[in-house]
Structures are given as structure tokens and as C-alpha cells.
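This is entry-v4.cif (mmCIF, C-alpha atoms).
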```cif
data_coords
loop_
_atom_site.label_atom_id
_atom_site.label_comp_id
_atom_site.auth_asym_id
_atom_site.auth_seq_id
_atom_site.Cartn_x
_atom_site.Cartn_y
_atom_site.Cartn_z
CA MET U 162 54.47 -16.61 -29.16
CA ALA U 163 57.96 -15.54 -28.07
CA ARG U 164 57.99 -12.71 -30.64
CA PHE U 165 54.60 -11.49 -29.34
CA ARG U 166 55.98 -11.38 -25.80
CA GLU U 167 58.99 -9.41 -27.03
CA TRP U 168 56.67 -6.94 -28.82
CA LEU U 169 54.69 -6.40 -25.63
CA LYS U 170 57.88 -5.51 -23.76
CA LYS U 171 58.73 -2.72 -26.21
CA PRO U 172 57.94 0.82 -24.94
CA VAL U 173 54.89 2.46 -26.47
CA GLY U 174 55.75 5.45 -28.55
CA ILE U 175 54.14 8.88 -28.14
CA GLY U 176 52.73 8.62 -31.63
CA THR U 177 51.05 5.34 -30.84
CA MET U 178 49.58 6.74 -27.63
CA ALA U 179 48.29 9.77 -29.47
CA ALA U 180 46.73 7.59 -32.13
CA VAL U 181 44.99 5.47 -29.49
CA ALA U 182 43.75 8.61 -27.71
CA VAL U 183 42.39 10.08 -30.93
CA LEU U 184 40.70 6.84 -31.88
CA SER U 185 39.19 6.50 -28.37
CA ALA U 186 37.95 10.08 -28.37
CA GLY U 187 36.57 9.64 -31.87
CA GLY U 188 34.81 6.43 -30.84
CA ALA U 189 33.36 8.11 -27.76
CA LEU U 190 32.15 11.08 -29.79
CA ALA U 191 30.64 8.77 -32.39
CA ALA U 192 28.91 6.74 -29.68
CA TRP U 193 27.63 9.89 -27.96
CA GLY U 194 26.45 11.29 -31.28
CA THR U 195 24.60 8.08 -32.09
CA PHE U 196 23.10 8.04 -28.59
CA SER U 197 21.97 11.69 -28.91
CA VAL U 198 20.40 11.02 -32.31
CA VAL U 199 18.50 8.03 -30.92
CA ILE U 200 17.26 10.04 -27.91
CA GLU U 201 16.23 12.93 -30.13
CA LYS U 202 14.45 10.57 -32.51
CA THR U 203 12.48 8.93 -29.68
CA ASN U 204 11.42 12.43 -28.55
CA SER U 205 9.91 13.31 -31.92
CA LEU U 206 6.18 13.56 -32.53
CA GLU U 207 6.48 11.06 -35.38
CA PHE U 208 7.99 8.45 -33.09
CA CYS U 209 5.42 9.02 -30.34
CA ILE U 210 2.46 8.45 -32.66
CA SER U 211 4.05 5.65 -34.69
CA CYS U 212 1.92 3.00 -32.97
CA HIS U 213 -1.74 2.87 -33.98
CA SER U 214 -2.98 2.89 -30.37
CA MET U 215 -1.67 6.47 -30.04
CA GLN U 216 -2.53 7.50 -33.59
CA ALA U 217 -6.21 6.52 -33.21
CA THR U 218 -6.80 7.97 -29.76
CA VAL U 219 -4.74 10.62 -27.97
CA PHE U 220 -3.19 12.06 -31.14
CA GLN U 221 -6.62 12.88 -32.55
CA GLU U 222 -7.53 14.64 -29.28
CA TYR U 223 -4.20 16.47 -29.16
CA LYS U 224 -4.75 17.87 -32.69
CA LYS U 225 -7.86 19.68 -31.38
CA SER U 226 -6.00 21.22 -28.44
CA PRO U 227 -4.25 24.63 -28.17
CA HIS U 228 -0.96 22.79 -27.70
CA PHE U 229 -1.20 21.65 -31.34
CA SER U 230 -2.64 24.77 -32.96
CA ASN U 231 -2.83 28.27 -31.51
CA ALA U 232 -2.59 31.97 -32.36
CA SER U 233 1.15 32.18 -31.65
CA GLY U 234 2.03 29.18 -33.83
CA VAL U 235 4.10 27.59 -31.07
CA ARG U 236 3.46 23.84 -30.92
CA ALA U 237 4.18 21.65 -27.91
CA ILE U 238 4.71 18.02 -28.88
CA CYS U 239 4.35 14.87 -26.77
CA SER U 240 7.88 14.95 -25.35
CA ASP U 241 7.52 18.58 -24.25
CA CYS U 242 4.83 17.50 -21.81
CA HIS U 243 5.88 13.96 -20.99
CA VAL U 244 9.70 13.84 -21.11
CA PRO U 245 11.93 15.81 -18.70
CA LYS U 246 14.50 18.19 -20.17
CA GLU U 247 17.23 17.43 -17.58
CA PHE U 248 19.50 14.52 -18.55
CA GLY U 249 19.08 12.40 -15.39
CA PRO U 250 15.26 12.50 -15.16
CA LYS U 251 15.10 12.10 -18.95
CA MET U 252 17.08 8.85 -18.80
CA VAL U 253 14.87 7.57 -15.99
CA ALA U 254 11.80 8.35 -18.11
CA LYS U 255 13.29 6.51 -21.09
CA VAL U 256 13.99 3.42 -18.97
CA MET U 257 10.47 3.53 -17.51
CA ALA U 258 9.07 3.74 -21.04
CA VAL U 259 10.12 0.11 -21.58
CA LYS U 260 6.87 -0.88 -19.88
CA ASP U 261 5.02 0.84 -22.75
CA LEU U 262 6.72 -1.54 -25.19
CA TRP U 263 5.72 -4.46 -22.98
CA HIS U 264 2.06 -3.41 -22.92
CA THR U 265 2.17 -2.78 -26.66
CA ALA U 266 3.28 -6.39 -27.09
CA LEU U 267 0.49 -7.53 -24.77
CA GLY U 268 -2.09 -5.48 -26.65
CA THR U 269 -3.30 -3.75 -23.48
CA ILE U 270 -4.65 -0.70 -25.34
CA ASP U 271 -4.49 -1.82 -28.96
CA THR U 272 -8.13 -0.91 -29.68
CA PRO U 273 -10.09 2.30 -28.91
CA GLU U 274 -12.37 0.23 -26.66
CA LYS U 275 -9.45 -1.11 -24.62
CA PHE U 276 -7.95 2.36 -24.43
CA GLU U 277 -11.17 3.79 -22.99
CA GLN U 278 -11.29 1.03 -20.41
CA ASN U 279 -7.80 2.02 -19.25
CA ARG U 280 -8.05 5.79 -19.81
CA LEU U 281 -8.79 6.71 -16.18
CA HIS U 282 -5.88 4.64 -14.85
CA LEU U 283 -3.51 6.03 -17.48
CA ALA U 284 -4.57 9.62 -16.82
CA LYS U 285 -4.30 9.32 -13.03
CA THR U 286 -0.80 7.84 -13.41
CA VAL U 287 0.34 10.82 -15.49
CA TRP U 288 -1.37 13.34 -13.20
CA ALA U 289 0.29 11.83 -10.13
CA LYS U 290 3.70 12.01 -11.84
CA MET U 291 3.14 15.68 -12.73
CA GLU U 292 2.01 16.52 -9.21
CA ALA U 293 5.09 14.79 -7.78
CA THR U 294 7.39 16.97 -9.94
CA ASP U 295 5.38 20.17 -9.43
CA SER U 296 4.39 20.07 -13.11
CA ARG U 297 8.06 20.29 -14.12
CA GLU U 298 7.45 19.76 -17.84
CA CYS U 299 4.66 22.37 -17.91
CA ARG U 300 7.01 24.89 -16.30
CA SER U 301 9.69 24.28 -18.92
CA CYS U 302 7.53 26.42 -21.24
CA HIS U 303 5.21 28.32 -18.89
CA LYS U 304 7.31 30.55 -16.63
CA GLN U 305 5.46 32.11 -13.71
CA ASP U 306 7.68 35.21 -13.70
CA ALA U 307 6.92 35.74 -17.39
CA MET U 308 3.16 35.31 -16.99
CA ASP U 309 0.95 38.39 -17.25
CA ILE U 310 -2.34 37.14 -15.85
CA HIS U 311 -3.99 40.51 -16.55
CA LYS U 312 -3.94 39.60 -20.25
CA GLN U 313 -6.13 36.58 -19.48
CA THR U 314 -9.92 36.70 -19.34
CA PRO U 315 -11.23 38.13 -16.03
CA LYS U 316 -12.44 34.72 -14.83
CA ALA U 317 -9.20 32.96 -15.78
CA ALA U 318 -7.13 35.72 -14.15
CA THR U 319 -9.07 35.39 -10.89
CA VAL U 320 -8.70 31.61 -10.81
CA MET U 321 -5.02 31.80 -11.77
CA ALA U 322 -4.26 34.38 -9.08
CA LYS U 323 -5.90 32.22 -6.40
CA GLY U 324 -4.05 29.12 -7.63
CA LEU U 325 -0.68 30.89 -7.57
CA GLU U 326 -1.41 32.27 -4.11
CA ARG U 327 -2.18 28.78 -2.80
CA GLY U 328 0.91 27.34 -4.48
CA GLU U 329 -1.07 24.91 -6.61
CA THR U 330 0.70 23.04 -9.37
CA CYS U 331 -0.32 23.38 -13.03
CA ILE U 332 -1.95 19.97 -13.43
CA SER U 333 -4.27 20.63 -10.49
CA CYS U 334 -6.40 22.92 -12.67
CA HIS U 335 -5.41 21.92 -16.21
CA LYS U 336 -6.34 18.26 -16.50
CA GLY U 337 -7.70 17.54 -19.96
CA ILE U 338 -5.76 20.42 -21.53
CA ALA U 339 -4.43 18.23 -24.36
CA HIS U 340 -6.52 15.07 -24.13
CA LYS U 341 -10.11 14.14 -23.44
CA LEU U 342 -10.87 13.73 -19.76
CA PRO U 343 -11.66 10.14 -18.79
CA ASP U 344 -15.01 9.13 -17.35
CA MET U 345 -14.15 10.26 -13.83
CA SER U 346 -17.14 8.44 -12.39
CA SER U 347 -15.99 5.00 -13.55
CA GLY U 348 -13.59 4.61 -10.63
CA TYR U 349 -16.01 5.31 -7.80
CA ARG U 350 -18.92 3.59 -9.56
CA THR U 351 -16.86 0.40 -9.68
CA LEU U 352 -16.02 0.76 -5.98
CA LEU U 353 -19.70 1.22 -5.13
CA THR U 354 -20.65 -1.90 -7.08
CA ASP U 355 -17.95 -3.88 -5.24
CA ILE U 356 -19.15 -2.59 -1.85
CA LYS U 357 -22.78 -3.50 -2.58
CA THR U 358 -21.82 -6.94 -3.88
CA ALA U 359 -19.70 -7.68 -0.81
CA ALA U 360 -22.10 -6.07 1.68
CA PRO U 361 -23.80 -9.31 2.88
CA SER U 362 -20.52 -11.09 3.59
CA ALA U 363 -18.82 -7.92 4.85
CA SER U 364 -21.60 -7.28 7.37
CA GLY U 365 -21.69 -10.83 8.76
CA SER U 366 -22.53 -10.63 12.45
CA ALA U 367 -21.12 -7.12 12.90
CA LYS U 368 -22.90 -5.00 15.49
CA THR U 369 -22.05 -1.66 13.83
CA LEU U 370 -22.97 -1.01 10.21
CA TYR U 371 -22.81 2.01 7.91
CA ALA U 372 -25.39 3.19 5.37
CA ILE U 373 -24.16 2.80 1.79
CA GLU U 374 -26.84 5.11 0.43
CA THR U 375 -30.05 6.88 1.42
CA THR U 376 -32.49 4.21 2.52
CA PRO U 377 -36.01 4.02 4.06
CA PHE U 378 -36.36 3.65 7.84
CA HIS U 379 -39.47 1.99 9.30
CA ALA U 380 -40.82 2.45 12.81
CA GLU U 381 -42.26 -1.08 12.68
CA ARG U 382 -41.17 -4.19 10.81
CA PRO U 383 -42.52 -3.84 7.25
CA SER U 384 -44.50 -6.67 5.72
CA GLY U 385 -44.48 -7.21 1.97
CA GLU U 386 -43.41 -4.20 -0.07
CA ALA U 387 -41.53 -1.88 2.28
CA GLY U 388 -42.50 1.39 0.60
CA LYS U 389 -41.20 4.82 1.60
CA GLY U 390 -41.08 4.15 5.33
CA ASP U 391 -41.30 6.59 8.20
CA GLY U 392 -37.98 8.27 7.53
CA SER U 393 -34.75 8.16 5.57
CA VAL U 394 -31.29 7.17 6.76
CA PHE U 395 -28.56 9.23 5.10
CA PRO U 396 -25.28 7.85 3.66
CA LEU U 397 -22.45 6.98 6.07
CA THR U 398 -24.75 7.02 9.10
CA HIS U 399 -23.65 4.30 11.51
CA VAL U 400 -26.26 2.13 13.21
CA LYS U 401 -26.23 -0.44 15.99
CA VAL U 402 -27.77 -3.80 14.99
CA LEU U 403 -30.40 -5.04 17.44
CA GLU U 404 -31.97 -7.86 15.45
CA ARG U 405 -31.59 -9.66 12.12
CA ASP U 406 -34.50 -11.07 10.14
CA GLY U 407 -33.54 -12.13 6.60
CA ASP U 408 -32.88 -9.00 4.56
CA LEU U 409 -34.26 -6.82 7.32
CA LEU U 410 -32.42 -5.37 10.28
CA LYS U 411 -33.75 -3.78 13.43
CA VAL U 412 -31.27 -1.03 14.23
CA GLU U 413 -30.73 1.80 16.66
CA LEU U 414 -29.56 5.28 15.68
CA SER U 415 -28.12 7.84 18.07
CA GLY U 416 -27.47 11.49 17.40
CA TRP U 417 -28.63 14.99 18.26
CA VAL U 418 -31.95 16.78 17.81
CA GLN U 419 -32.27 20.54 17.83
CA GLU U 420 -35.00 21.69 20.18
CA GLY U 421 -38.00 22.63 18.07
CA VAL U 422 -36.70 20.67 15.02
CA LYS U 423 -37.52 17.17 16.22
CA ARG U 424 -37.85 15.51 12.79
CA LEU U 425 -34.14 15.59 12.01
CA LEU U 426 -31.38 13.61 13.72
CA VAL U 427 -27.81 14.87 13.13
CA ALA U 428 -24.39 13.42 13.94
CA ALA U 429 -23.12 16.16 16.27
CA LYS U 430 -24.47 19.06 18.29
CA GLY U 431 -24.60 22.23 16.23
CA ARG U 432 -23.52 20.51 13.00
CA ARG U 433 -25.91 19.82 10.15
CA ILE U 434 -24.60 16.35 9.35
CA PHE U 435 -27.84 14.56 8.54
CA GLU U 436 -28.35 11.05 9.87
CA LEU U 437 -32.11 10.51 9.81
CA SER U 438 -35.10 12.52 8.60
CA MET U 439 -38.38 11.48 10.25
CA THR U 440 -42.13 11.72 9.91
CA GLU U 441 -44.05 13.16 12.84
CA LYS U 442 -45.00 9.60 13.80
CA LEU U 443 -41.39 8.40 13.96
CA ALA U 444 -40.16 11.56 15.69
CA GLY U 445 -42.60 10.78 18.49
CA THR U 446 -40.70 7.56 19.26
CA VAL U 447 -37.30 9.23 19.76
CA THR U 448 -35.87 8.98 23.27
CA LEU U 449 -34.49 12.40 24.15
CA GLY U 450 -31.84 13.40 26.67
CA GLU U 451 -31.35 16.57 28.68
CA ALA U 452 -31.17 19.81 26.70
CA GLU U 453 -27.72 21.32 26.17
CA SER U 454 -26.79 24.70 24.80
CA ASP U 455 -24.41 25.00 21.86
CA PRO U 456 -21.89 27.73 22.84
CA ASP U 457 -21.26 28.65 19.19
CA THR U 458 -24.88 29.38 18.28
CA GLY U 459 -26.75 29.51 21.59
CA LEU U 460 -29.23 26.93 20.27
CA SER U 461 -30.52 24.14 22.49
CA TRP U 462 -29.82 20.51 21.55
CA GLN U 463 -30.79 17.11 22.93
CA THR U 464 -29.31 13.68 22.41
CA GLY U 465 -31.75 11.39 20.59
CA THR U 466 -32.01 7.62 20.15
CA VAL U 467 -34.50 5.85 17.90
CA ALA U 468 -35.00 2.21 16.80
CA GLY U 469 -36.52 0.90 13.61
CA TRP U 470 -36.18 -1.41 10.62
CA VAL U 471 -34.05 -1.10 7.49
CA LYS U 472 -33.00 -3.28 4.56
CA ALA U 473 -29.73 -5.09 5.29
CA SER U 474 -28.54 -4.72 1.69
CA ALA U 475 -28.25 -0.94 2.15
CA PHE U 476 -25.63 -1.32 4.91
CA THR U 477 -22.10 -2.62 5.25
CA ALA U 478 -19.49 -3.11 7.95
CA ASP U 479 -16.77 -2.10 5.48
CA GLU U 480 -16.08 1.41 6.76
CA ALA U 481 -12.69 1.47 5.00
CA GLY U 482 -14.35 0.58 1.69
CA LEU U 483 -16.85 3.42 2.07
CA SER U 484 -14.02 5.78 2.92
CA ALA U 485 -12.14 4.76 -0.23
CA TYR U 486 -15.34 5.21 -2.26
CA GLY U 487 -15.79 8.72 -0.85
CA ALA U 488 -12.16 9.63 -1.51
CA GLU U 489 -12.42 8.43 -5.12
CA MET U 490 -15.65 10.37 -5.64
CA ALA U 491 -14.09 13.50 -4.14
CA SER U 492 -11.08 13.13 -6.42
CA ALA U 493 -13.27 12.67 -9.49
CA ALA U 494 -15.71 15.48 -8.70
CA CYS U 495 -13.42 18.06 -7.11
CA GLY U 496 -9.97 17.17 -8.43
CA ALA U 497 -10.79 17.38 -12.14
CA CYS U 498 -10.87 21.20 -12.25
CA HIS U 499 -8.69 22.32 -9.35
CA SER U 500 -6.58 21.10 -6.48
CA GLN U 501 -8.71 18.74 -4.43
CA PRO U 502 -9.68 20.37 -1.10
CA GLN U 503 -9.01 18.42 2.05
CA PRO U 504 -12.00 17.81 4.36
CA GLY U 505 -10.23 19.41 7.30
CA HIS U 506 -9.99 22.77 5.52
CA TYR U 507 -13.53 23.77 6.51
CA PRO U 508 -16.03 23.22 9.34
CA ALA U 509 -18.88 20.76 8.78
CA ASN U 510 -21.64 23.32 8.20
CA GLN U 511 -19.59 25.25 5.66
CA TRP U 512 -19.20 22.13 3.54
CA MET U 513 -22.94 22.24 2.80
CA GLY U 514 -22.62 25.59 1.04
CA ILE U 515 -19.43 24.65 -0.77
CA ILE U 516 -20.93 21.49 -2.25
CA LYS U 517 -24.15 23.30 -3.16
CA ASP U 518 -22.18 25.98 -5.01
CA MET U 519 -20.03 23.45 -6.89
CA LYS U 520 -22.60 20.78 -7.74
CA ASP U 521 -23.60 22.29 -11.11
CA GLY U 522 -20.02 21.91 -12.31
CA THR U 523 -20.05 18.16 -11.71
CA ALA U 524 -21.87 15.13 -13.10
CA LEU U 525 -22.87 13.93 -9.63
CA THR U 526 -26.39 12.66 -9.02
CA ALA U 527 -28.48 13.84 -6.06
CA GLU U 528 -27.53 10.63 -4.22
CA ASP U 529 -23.84 11.16 -5.02
CA LEU U 530 -24.06 14.66 -3.58
CA ARG U 531 -25.63 13.39 -0.37
CA PHE U 532 -22.83 10.87 0.05
CA LEU U 533 -20.10 13.40 -0.78
CA GLN U 534 -21.53 15.95 1.63
CA SER U 535 -21.56 13.40 4.47
CA TYR U 536 -18.04 12.26 3.53
CA TYR U 537 -16.62 15.79 3.78
CA GLN U 538 -18.66 16.81 6.82
CA LEU U 539 -17.70 13.80 8.92
CA ARG U 540 -14.03 14.65 8.28
CA ALA U 541 -14.40 18.41 8.73
CA LYS U 542 -11.97 20.29 10.96
CA ASP U 543 -14.52 20.79 13.75
CA MET U 544 -15.48 17.10 13.62
CA VAL U 545 -11.83 16.06 14.05
CA ALA U 546 -11.64 18.26 17.12
CA HIS U 547 -15.02 16.90 18.18
CA GLY U 548 -13.79 13.32 17.85
CA GLY U 549 -15.63 12.64 14.59
#
```
Show this structure as C-alpha cells.
Amino acid sequence: MARFREWLKKPVGIGTMAAVAVLSAGGALAAWGTFSVVIEKTNSLEFCISCHSMQATVFQEYKKSPHFSNASGVRAICSDCHVPKEFGPKMVAKVMAVKDLWHTALGTIDTPEKFEQNRLHLAKTVWAKMEATDSRECRSCHKQDAMDIHKQTPKAATVMAKGLERGETCISCHKGIAHKLPDMSSGYRTLLTDIKTAAPSASGSAKTLYAIETTPFHAERPSGEAGKGDGSVFPLTHVKVLERDGDLLKVELSGWVQEGVKRLLVAAKGRRIFELSMTEKLAGTVTLGEAESDPDTGLSWQTGTVAGWVKASAFTADEAGLSAYGAEMASAACGACHSQPQPGHYPANQWMGIIKDMKDGTALTAEDLRFLQSYYQLRAKDMVAHGG
């Protein structure tokens, strides 16, 4: 022990220090080299598709995409699109990827059926990440200043020019470029089912309810099979509950009627936001107010109030749930092909034409379209100013 202490007291020679420095530097270089090799290996296509859940699903879709095979022969692999090039963000992505190992162990997507069940959630997670980084990984290959949009097809060039002008990010218009798009309707369909299931308990004794979907409106309490009724209440129309009788409600609707067009009740003067369409018989029961002129159009409008009977199951007090349902539908229908427009971008009446023009490019049903139109119109820029 004494000899060891004496050895420690001896001055360290320059040669020894140099040897230690060389060994340390060599060890650091070896460690960095090993680290770089590991990182590079985990960025390879072979590594990414080494688990069967990727091999059987997204890899097969990717092989059919222009990122895998194209005229130029330039192939973008998984890491080109999903792993940042910069060191810091890349390390964050690698750490976050640990959750993929965890879900692999759990078997979350270990069959094609399980993968399809989770596809929408997985896709929306990736899209949100790309939007947050302004499609950083896309831009590592696709440089805007090197892009000659005039060499694209006329339609693509027009769309691209508008997107660049608006400052849209790549993923806004290019979802599904390398993988099959998920069933975009699954999200809002699930929300609708939940709203309908919870409607009885959500409504409770609430005095104000909102129409979940288009539903018949009866001037008098129906007996037996309700039938078509004397009118139709449109989605998102709010009603005041006057009386409850089992699955039937006596309600009151208030809105505006254009002079000379008495069979249609709308939510605001001068705005074609449909609340209730009526037969001649029902229109005759509407209590009308004094006529007012709409300064924008010069047309004459009157406030209108009408009472009648509806099925309670078609209404809910969950306004927030309906709003979430509308937002999810808008995202699915409008956000799959381009940047999702915000309701406040256009006035209420203009939304009618926009949705009519776009409907053929969606998988929305007629009832979906009615709901989506009301959703956008009630949040339009002139309804916000109007207090809608």
C-alpha cells in the first residue's frame, strides 16, 4: 500500500500523458464510430421493415408509390420521410421511437386487422408531426427554389401555385403519397355513434337541445308511426323544449323567414342556414314578427317562431360533442386533399357553393353534407360578427 502511495506521488511524464490522450481520443473515436454505425443501421430500409407488422402493411403500399419506383430512379426510404436529418431532432426522434418497441411487445398492430383499426390514429399522428415541422423531411429533398411547377401537369401546377401562395405545407395536400389513406370516416362515425348512444342521458332535463341529424317535425303530436311529418329540422338547429312525453318532445324553434318564402326557417336574417323546412300547413302556424330589411340584399325578413313535436332520440344537449363531430368530419372530408379551410374564411352563404362544388370529391352522404354545411355556416365570418 505504501509503495502504491509513493507511485501516485511521482510526476506524470509527458509520454504517459500523451499515451493517455491518444488512448482517450481513440476510445472516443471508436465509440462515436460505433454510435454512427448503429444510427445509420437503424435508418436503413432493411431495419425499418424488419418487423412483420411493417413488412405486411405499409411496406407493400410503399412499393407501389413513386417514392419507391419512379422515372428518375431516385428512391426515398422510410428514414428520408420519417427521421430528421439534423442531429438534435434526429436524436429526439430515436428516443421517441422507443414507444414503437413497446407497442411491438404489446402486439398493438401485429396483425393487418389490428393495423387497420389503428391506421387513422397512426396517420393523424404523423401528419400532425409533419405540420408542426412545416414538412421538414419532405423539404430535405423537395426544394421550393428548385421546383419548376410549369413542368407539372396544368392541374397540378395550378394547385401547387395556389398552395405555395397560401404558404401551405407539403403534407396538407400530399397525404397518402406513400401509404394508403385510412378510412377517414371512421373517426367521425365513431363520434356520431357515441353522441347518439349518450343522447338520452346527455339531454336529461335540459331546456335547449340540438338536432343531431335531419329529423321530421310534426305540427301535432303523432300517434303510432310518426311518418314524414309536416317539416324537417336540419342538423345543429337548436330548439327550446316545451314538453316531454316519452320519446317525443314538444319544442319551439325560432329563426327568420324571408317575406314570400314562408316555408323555410333560417338561423339568421339574410343567411341561408336552414333550420326548418315546412309544409304549407305548418307554415301557416308560424308566428311572425315585424318585417325588417336586410341592408346587404334589400330583401325583407321577419322573425318566426313555431312549435311542434319531434323524436327525442334525434336531439342532444351535448353541443360540444356535436362541435367535435363536425370538426372531425371537416378534417376527414376537407383535410385529406388540401389544407383544411377554417369556417371563418368565408361568409355563411358562400359556404353553400363551396361544399356543393367539393362534395363529389368526398365520400360524404347527403346527410353528412347537410351537417357539414350547417357546421361551417354557423361558424362563418359573418355569423361570428352576427353573434352566431
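For the pair CA of Val256 (chain U) and CA of Glu298 (chain U), the separation is 17.6 Å.
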Excluding Tyr507 (chain U) and residues on its chain fewer than 3 positions from it, collect all residues at most 10 Å away from it, counting all atoms listed in the file, and give them as a VMD selection string. chain U and resid 502 to 504 510 to 512 515 537 to 538 540 to 544
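For the atom pair formed by CA of Cys242 (chain U) and CA of Ile338 (chain U), the distance is 11.0 Å, given to one decimal.
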What's the 12 Å shell around Lys224 (chain U), counting all atoms listed in the file, without same-chain residues fewer than 4 positions away, as JSON, numbers by chain? {"U": [206, 210, 216, 217, 218, 219, 220, 228, 229, 230, 231, 236, 237, 238, 239, 338, 339, 340, 341]}
Might you pull out every residue within 12 Å of region 304-315 of chain U, with all atoms listed in the file counted and same-chain residues fewer than 3 positions away left off, and present them as a ChimeraX atom specification? /U:296-301,318-326,328,330-331
Within 10 Å of Thr466 (chain U), counting all atoms listed in the file, which residues qualify if same-chain residues fewer than 5 places away don't, as a ChimeraX atom specification? /U:413-418,426,446-450
Reference answer for the PyMOL selection byres ((chain U and resi 258-267) around 12), as a list in words: Thr203, Asn204, Cys209, Ser211, Cys212, His213, Ser214, Met215, His243, Val244, Lys251, Met252, Val253, Ala254, Lys255, Val256, Met257, Gly268, Thr269, Ile270, Asp271, Thr272, Lys275, Phe276, Asn279 and Leu283 of chain U
Could you list the residues chosen by the PyMOL selection byres ((chain U and resi 479-485) around 7) in this structure as a PyMOL selection string? chain U and resi 356+363+371+477-478+486-489
With C-alpha atoms retained, write the just-selected residues as an mmCIF file, keeping the file's coordinate frame.
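Final output, saved to again.cif:
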```cif
data_model
loop_
_atom_site.group_PDB
_atom_site.id
_atom_site.type_symbol
_atom_site.label_atom_id
_atom_site.label_comp_id
_atom_site.auth_asym_id
_atom_site.auth_seq_id
_atom_site.Cartn_x
_atom_site.Cartn_y
_atom_site.Cartn_z
ATOM 1 C CA ILE U 356 -19.150 -2.590 -1.850
ATOM 2 C CA ALA U 363 -18.820 -7.920 4.850
ATOM 3 C CA TYR U 371 -22.810 2.010 7.910
ATOM 4 C CA THR U 477 -22.100 -2.620 5.250
ATOM 5 C CA ALA U 478 -19.490 -3.110 7.950
ATOM 6 C CA TYR U 486 -15.340 5.210 -2.260
ATOM 7 C CA GLY U 487 -15.790 8.720 -0.850
ATOM 8 C CA ALA U 488 -12.160 9.630 -1.510
ATOM 9 C CA GLU U 489 -12.420 8.430 -5.120
#
```
Would you compute the distance between CA of Thr523 (chain U) and CA of Cys495 (chain U)? Give it in Å to one decimal. 8.1 Å
Go through U:Leu443, U:Leu410, U:Ala475, U:Ala509 and flag the residue nearest Gly392 (chain U), using only C-alpha atoms for the distances. U:Leu443
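Comparing the minimum interatomic distances between Lys246 (chain U) and each of U:Glu201, U:Asp391, U:Glu222, U:Asp518, counting only C-alpha atoms, we find that U:Glu201 sits nearest.
For region 399-407 of chain U, the list of residues within 10 Å, based on all atoms listed in the file and with local chain neighbours fewer than 3 positions off taken out, reads U:Ser366, U:Ala367, U:Lys368, U:Thr369, U:Leu370, U:Tyr371, U:Ala372, U:Ile373, U:Arg382, U:Val394, U:Phe395, U:Pro396, U:Leu410, U:Lys411, U:Val412, U:Glu413, U:Leu414, U:Ser415, U:Ala428, U:Glu436, U:Ala468, U:Gly469, U:Trp470, U:Lys472, U:Ala473, U:Phe476, U:Thr477, U:Ala478, U:Glu480.
Those residues returned by the PyMOL selection byres ((chain U and resi 284) around 12) for this file are U:Val219, U:Phe276, U:Glu277, U:Gln278, U:Asn279, U:Arg280, U:Leu281, U:His282, U:Leu283, U:Lys285, U:Thr286, U:Val287, U:Trp288, U:Ala289, U:Lys290, U:Met291, U:Ile332, U:Lys336, U:Gly337, U:Ile338, U:Ala339, U:His340, U:Lys341, U:Leu342, U:Pro343, U:Asp344, U:Met345, U:Ala493, U:Ala497.
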